[in-house]
Amino acid sequence: MESSAPASAADGPVAPSPAVPARVVFRRFWPWARPDAPLLAVSALLLVAGSFGELVSVWLFKDLIDQVLVPRRFSGFWPLALAMLGTASGAALLTFAGGYGACRAAERFMLRLRTATVAHLHTLPPDTLARRRPGDVVSRLTRDVAAVEQLVVSGLVEGGSALFGLLLFAAAAVYLSWPLALAALAMAPLFWASARFFGRRLLARERVAQRRAGGVSAVIEESLRNSELARTCGQEAGEVERVRREGRALMDAELAGARLAELYPPFLNVLEVLTGLAVVGIGAYELERGVLSLGGLLAFAAFTAQLFEPARELSELASVLGTAGASAERILELLDTPSPVLERPGAREPRTVAGRLSCEHLRFSYPGSSGPPLLADLSFEIGPGEVLAVMGPSGCGKTTLAKLMVRFLDPDHGTVRLDGVDLRELTLHSVRGAVTLLPQQTAVFHGSIGENIAYGRPGASQAEIERAARAADAHGFVTELPDGYRTEIGRDGFQLSGGQYRRIAIARAFLRGTPVLVLDEPTAGLDDRSAEKVIAPLRQLMAGRTTVLITHDLVFARTADRILWLGRADARELPGVGRVL
């Protein structure tokens, strides 16, 4: 049976886009690493000191061979053995300290970058965020942030210490025997060419894999969130198939990268063996001529082995560059998303808010929309404590008007004023501190009922929370729950009815106590009995506050002082209410 599930990103190729160059990655993301620059420098120095300790250990090993093993003088064993043990222990401690310091800086970098990205996302209006798939955003904040860290912090420290170690052991190798060193360095172009060959191909595959991973997270989150709809429409198999398709696309992308990533180390091993054979062959010739001692040859072999590790780390930076470039592209896409609602320089906070709300010649259209404006030349005024009901057919701009009242959007033309002041002349904090919006969908966080009520005013006392709950007619059912106000609700907690969730939101609004309310379909989705239980606390909430009441319920709307009818040419008087605008 053919599924009617929505198409996933796996159904077609991922559109290519240029990855971010390494210099741009460092320039854009270094500010989040800069506070730990001293720690990074100290960590790098500790790792360098650890590498120097390893070099000294190898040199002591050479002396052990030449001064103890070859002449068979056991008396010299203990001093050299103790010196080697002490040097190796010191090097191990230095390496541990440097590695831990780098890890600490890396974790702090990820915390700062993730926090800054979330902070920027919270400056974007809900409509901007709604256009992004939550699962993909979560993937960017986790997997992609970690990938960028691998270059900007870990890559910087490990790459720097690896480069120093490479130069240090190369210098020691040249000092021991320059012919052997030349033989080993003659293999360097092969290492460079292999890093370039594999790095370019890994870059392309990593970019695809990163995008596929975001697609998998998005599809899984969307599928589970809409599981009720899927079951209602009999699309369980279709949703499973959609997740399987997206997962298969990710698997193919990961395997394509894994083939290269897993082939690279064995290829390097072959080059290392080839280099080792060249060193041993030339070293045996030098040993036969008496130019090099046995200890010197073994030490040189050890230096060569030590050279391979930093060389491998530096060559593996090629794949890190590819992954970080692809991930940086995805994170910068979030960070560079501009907010259509900006706070003007010099915006002020009013000392008091009386609650007079007005719109003057308001016009608004969503970007990219065709046809006439959604709102055109709309004007009205509500005095402090008055209630304006807004009615009209679906899609006529009622919810859009609510968003304009709290500056989630700005009008294309005209103004929204609070106490005669254009909202754009006020700080966003002061606007949203004066206006409470109750959206159609009641939002709750995973946490206790008390915490969800207090979310409107952090730091509220238990007595204030309970007072707000009583005003919202929620105290009764809350106290009947197993843990009362400590009962956990939300996605993984105790499940309440729609009316009960709505009364929690009303209690939150009571606790905020703002002079202006915008109620967007407060009884939508509730049956008559639940709606009746909600309307009573809503009327109490509206008392004495300037209220914009968006509703389809004409009976509820008749309690307003006036009704504003949107999307309708004929305006007429309705019995029991003021003038219809």
# chains A, B, ... in the order shown; residues from 1 in each chain; ligands from 1

call {"tool": "residues_around", "arguments": {"residues": "segment 247-259 of chain A", "least_positions_apart": "2", "cutoff": "9 Å", "atoms": "only C-alpha atoms", "output": "PyMOL selection string"}}
result
chain A and resi 9-11+201-206+208-213+215-216+242-245+261-264

call {"tool": "residues_around", "arguments": {"residues": "segment 44-48 of chain A", "least_positions_apart": "4", "cutoff": "12 Å", "atoms": "only C-alpha atoms", "output": "VMD selection string"}}
result
chain A and resid 37 to 40 52 to 55 90 to 103 105 153 to 169 310

call {"tool": "residues_around", "arguments": {"residues": "Pro126 of chain A", "least_positions_apart": "6", "cutoff": "12 Å", "atoms": "only C-alpha atoms", "output": "ChimeraX atom specification"}}
result
/A:132,339-341,400,403,406-409,439

call {"tool": "closest_residue", "arguments": {"among": "A:Ala170, A:Val518, A:Ala469, A:Ala146", "to": "Thr547 of chain A", "atoms": "only C-alpha atoms"}}
result
A:Val518

call {"tool": "residues_around", "arguments": {"residues": "segment 134-139 of chain A", "least_positions_apart": "4", "cutoff": "8 Å", "atoms": "only C-alpha atoms", "output": "list in words"}}
result
Arg143, Asp144, Ala213, Gly214, Gly215, Val216, Ser217, Ala218, Val219, Ile220, Glu221 and Glu222 of chain A

call {"tool": "write_last_selection", "arguments": {"atoms": "C-alpha atoms", "output": "JSON list (two decimals), in the first residue's frame"}}
result
[["chain", "number", "residue", "atom", "x", "y", "z"],
["A", 143, "ARG", "CA", 25.95, 17.39, 17.11],
["A", 144, "ASP", "CA", 26.97, 20.44, 15.08],
["A", 213, "ALA", "CA", 21.38, 13.65, 10.79],
["A", 214, "GLY", "CA", 19.36, 16.84, 11.24],
["A", 215, "GLY", "CA", 16.67, 15.37, 8.97],
["A", 216, "VAL", "CA", 16.45, 12.18, 11.05],
["A", 217, "SER", "CA", 16.05, 14.15, 14.29],
["A", 218, "ALA", "CA", 13.38, 16.34, 12.71],
["A", 219, "VAL", "CA", 11.38, 13.44, 11.26],
["A", 220, "ILE", "CA", 11.48, 11.42, 14.50],
["A", 221, "GLU", "CA", 10.42, 14.44, 16.59],
["A", 222, "GLU", "CA", 7.64, 15.31, 14.14]]

call {"tool": "select_by_dssp", "arguments": {"residues": "segment 108-149 of chain A", "states": "alpha helix (DSSP H)", "output": "MDAnalysis selection string"}}
result
chainID A and resid 108:121 126:130 134:139 145:149

call {"tool": "write_last_selection", "arguments": {"atoms": "N, CA and C atoms", "output": "short mmCIF file (atom, residue, chain, number, x, y, z; two decimals), in the first residue's frame"}}
result
data_model
loop_
_atom_site.label_atom_id
_atom_site.label_comp_id
_atom_site.auth_asym_id
_atom_site.auth_seq_id
_atom_site.Cartn_x
_atom_site.Cartn_y
_atom_site.Cartn_z
N ARG A 108 33.39 24.21 28.03
CA ARG A 108 32.91 25.58 28.29
C ARG A 108 32.59 26.29 26.98
N PHE A 109 33.37 26.04 25.94
CA PHE A 109 33.09 26.61 24.62
C PHE A 109 31.73 26.15 24.11
N MET A 110 31.48 24.85 24.20
CA MET A 110 30.20 24.32 23.72
C MET A 110 29.05 24.90 24.52
N LEU A 111 29.24 25.05 25.83
CA LEU A 111 28.18 25.63 26.67
C LEU A 111 27.89 27.06 26.24
N ARG A 112 28.94 27.85 26.00
CA ARG A 112 28.73 29.25 25.60
C ARG A 112 28.07 29.32 24.23
N LEU A 113 28.57 28.55 23.27
CA LEU A 113 28.03 28.62 21.91
C LEU A 113 26.58 28.15 21.88
N ARG A 114 26.31 27.05 22.57
CA ARG A 114 24.93 26.54 22.58
C ARG A 114 23.99 27.55 23.26
N THR A 115 24.45 28.13 24.37
CA THR A 115 23.63 29.10 25.09
C THR A 115 23.40 30.35 24.24
N ALA A 116 24.45 30.82 23.56
CA ALA A 116 24.31 32.02 22.73
C ALA A 116 23.37 31.76 21.56
N THR A 117 23.43 30.57 20.99
CA THR A 117 22.54 30.25 19.87
C THR A 117 21.09 30.19 20.33
N VAL A 118 20.85 29.56 21.47
CA VAL A 118 19.49 29.50 22.01
C VAL A 118 19.00 30.91 22.36
N ALA A 119 19.90 31.73 22.92
CA ALA A 119 19.51 33.11 23.25
C ALA A 119 19.12 33.87 21.98
N HIS A 120 19.85 33.65 20.89
CA HIS A 120 19.48 34.32 19.63
C HIS A 120 18.15 33.80 19.11
N LEU A 121 17.93 32.49 19.22
CA LEU A 121 16.66 31.93 18.75
C LEU A 121 15.48 32.53 19.53
N PRO A 126 7.91 33.91 17.13
CA PRO A 126 7.46 32.52 17.02
C PRO A 126 7.24 32.07 15.57
N ASP A 127 6.76 32.96 14.70
CA ASP A 127 6.54 32.56 13.31
C ASP A 127 7.84 32.19 12.62
N THR A 128 8.93 32.87 12.95
CA THR A 128 10.23 32.55 12.35
C THR A 128 10.70 31.19 12.82
N LEU A 129 10.53 30.91 14.11
CA LEU A 129 10.95 29.61 14.65
C LEU A 129 10.08 28.49 14.11
N ALA A 130 8.80 28.79 13.91
CA ALA A 130 7.86 27.75 13.47
C ALA A 130 8.21 27.22 12.09
N PRO A 134 11.86 21.41 14.64
CA PRO A 134 12.52 21.37 15.95
C PRO A 134 13.63 20.34 16.04
N GLY A 135 13.42 19.14 15.46
CA GLY A 135 14.44 18.10 15.54
C GLY A 135 15.73 18.52 14.88
N ASP A 136 15.63 19.24 13.75
CA ASP A 136 16.82 19.70 13.06
C ASP A 136 17.54 20.76 13.88
N VAL A 137 16.79 21.64 14.52
CA VAL A 137 17.41 22.66 15.37
C VAL A 137 18.14 22.01 16.54
N VAL A 138 17.53 20.99 17.14
CA VAL A 138 18.17 20.27 18.26
C VAL A 138 19.46 19.62 17.78
N SER A 139 19.45 19.03 16.58
CA SER A 139 20.65 18.41 16.03
C SER A 139 21.77 19.44 15.86
N VAL A 145 27.34 21.67 17.16
CA VAL A 145 28.14 22.43 18.10
C VAL A 145 29.38 21.63 18.51
N ALA A 146 29.21 20.33 18.76
CA ALA A 146 30.35 19.48 19.12
C ALA A 146 31.36 19.40 17.98
N ALA A 147 30.88 19.34 16.74
CA ALA A 147 31.78 19.25 15.60
C ALA A 147 32.61 20.53 15.44
N VAL A 148 31.99 21.69 15.64
CA VAL A 148 32.72 22.95 15.56
C VAL A 148 33.78 23.03 16.67
N GLU A 149 33.42 22.55 17.84
CA GLU A 149 34.38 22.56 18.96
C GLU A 149 35.62 21.74 18.61
#

call {"tool": "residues_around", "arguments": {"residues": "Ala376 of chain A", "least_positions_apart": "5", "cutoff": "12 Å", "atoms": "only C-alpha atoms", "output": "PyMOL selection string"}}
result
chain A and resi 359-365+371+396-397+401+411-414+566-567

call {"tool": "residues_around", "arguments": {"residues": "segment 61-69 of chain A", "least_positions_apart": "4", "cutoff": "6 Å", "atoms": "only C-alpha atoms", "output": "mmCIF file with all heavy atoms, in the first residue's frame"}}
result
data_model
loop_
_atom_site.group_PDB
_atom_site.id
_atom_site.type_symbol
_atom_site.label_atom_id
_atom_site.label_comp_id
_atom_site.auth_asym_id
_atom_site.auth_seq_id
_atom_site.Cartn_x
_atom_site.Cartn_y
_atom_site.Cartn_z
ATOM 1 N N ARG A 73 76.942 -3.779 31.544
ATOM 2 C CA ARG A 73 77.265 -3.176 32.846
ATOM 3 C C ARG A 73 75.966 -2.930 33.602
ATOM 4 O O ARG A 73 75.329 -1.906 33.431
ATOM 5 C CB ARG A 73 77.992 -1.857 32.632
ATOM 6 C CG ARG A 73 79.491 -2.038 32.571
ATOM 7 C CD ARG A 73 80.186 -0.699 32.560
ATOM 8 N NE ARG A 73 80.776 -0.498 31.251
ATOM 9 C CZ ARG A 73 80.928 0.653 30.667
ATOM 10 N NH1 ARG A 73 80.499 1.744 31.227
ATOM 11 N NH2 ARG A 73 81.477 0.750 29.483
ATOM 12 N N PHE A 74 75.610 -3.888 34.429
ATOM 13 C CA PHE A 74 74.332 -3.792 35.128
ATOM 14 C C PHE A 74 74.334 -2.706 36.195
ATOM 15 O O PHE A 74 73.281 -2.212 36.599
ATOM 16 C CB PHE A 74 73.990 -5.140 35.768
ATOM 17 C CG PHE A 74 72.607 -5.172 36.369
ATOM 18 C CD1 PHE A 74 71.481 -5.213 35.559
ATOM 19 C CD2 PHE A 74 72.434 -5.117 37.754
ATOM 20 C CE1 PHE A 74 70.217 -5.225 36.102
ATOM 21 C CE2 PHE A 74 71.160 -5.131 38.299
ATOM 22 C CZ PHE A 74 70.053 -5.193 37.468
ATOM 23 N N GLY A 76 74.958 0.300 35.975
ATOM 24 C CA GLY A 76 74.388 1.565 35.509
ATOM 25 C C GLY A 76 72.891 1.492 35.232
ATOM 26 O O GLY A 76 72.301 2.486 34.795
ATOM 27 N N GLY A 295 71.997 1.614 20.332
ATOM 28 C CA GLY A 295 71.071 2.449 21.092
ATOM 29 C C GLY A 295 70.563 3.608 20.255
ATOM 30 O O GLY A 295 69.383 3.976 20.323
ATOM 31 N N GLY A 296 71.457 4.188 19.452
ATOM 32 C CA GLY A 296 71.053 5.279 18.583
ATOM 33 C C GLY A 296 70.029 4.838 17.551
ATOM 34 O O GLY A 296 69.065 5.555 17.262
ATOM 35 N N ALA A 299 66.793 4.203 19.348
ATOM 36 C CA ALA A 299 66.201 5.494 19.726
ATOM 37 C C ALA A 299 65.617 6.196 18.507
ATOM 38 O O ALA A 299 64.539 6.802 18.573
ATOM 39 C CB ALA A 299 67.253 6.377 20.391
#

call {"tool": "closest_residue", "arguments": {"among": "A:Leu388, A:Leu334, A:Ala354, A:Met405", "to": "Thr123 of chain A", "atoms": "only C-alpha atoms"}}
result
A:Leu334

call {"tool": "residues_around", "arguments": {"residues": "Ser497 of chain A", "least_positions_apart": "5", "cutoff": "12 Å", "atoms": "only C-alpha atoms", "output": "ChimeraX atom specification"}}
result
/A:442,474,477-478,489-490,502-504,525-527,530-531

call {"tool": "closest_residue", "arguments": {"among": "A:Leu274, A:Ser293, A:Ala324, A:Leu426", "to": "Gly346 of chain A", "atoms": "only C-alpha atoms"}}
result
A:Leu426

call {"tool": "atom_distance", "arguments": {"atom1": "atom CA of Thr87 of chain A", "atom2": "atom CA of Ala184 of chain A"}}
result
26.5 Å

call {"tool": "select_by_dssp", "arguments": {"residues": "segment 231-398 of chain A", "states": "strand (DSSP E)", "output": "number ranges by chain"}}
result
A: 357-364, 375-382, 387-391
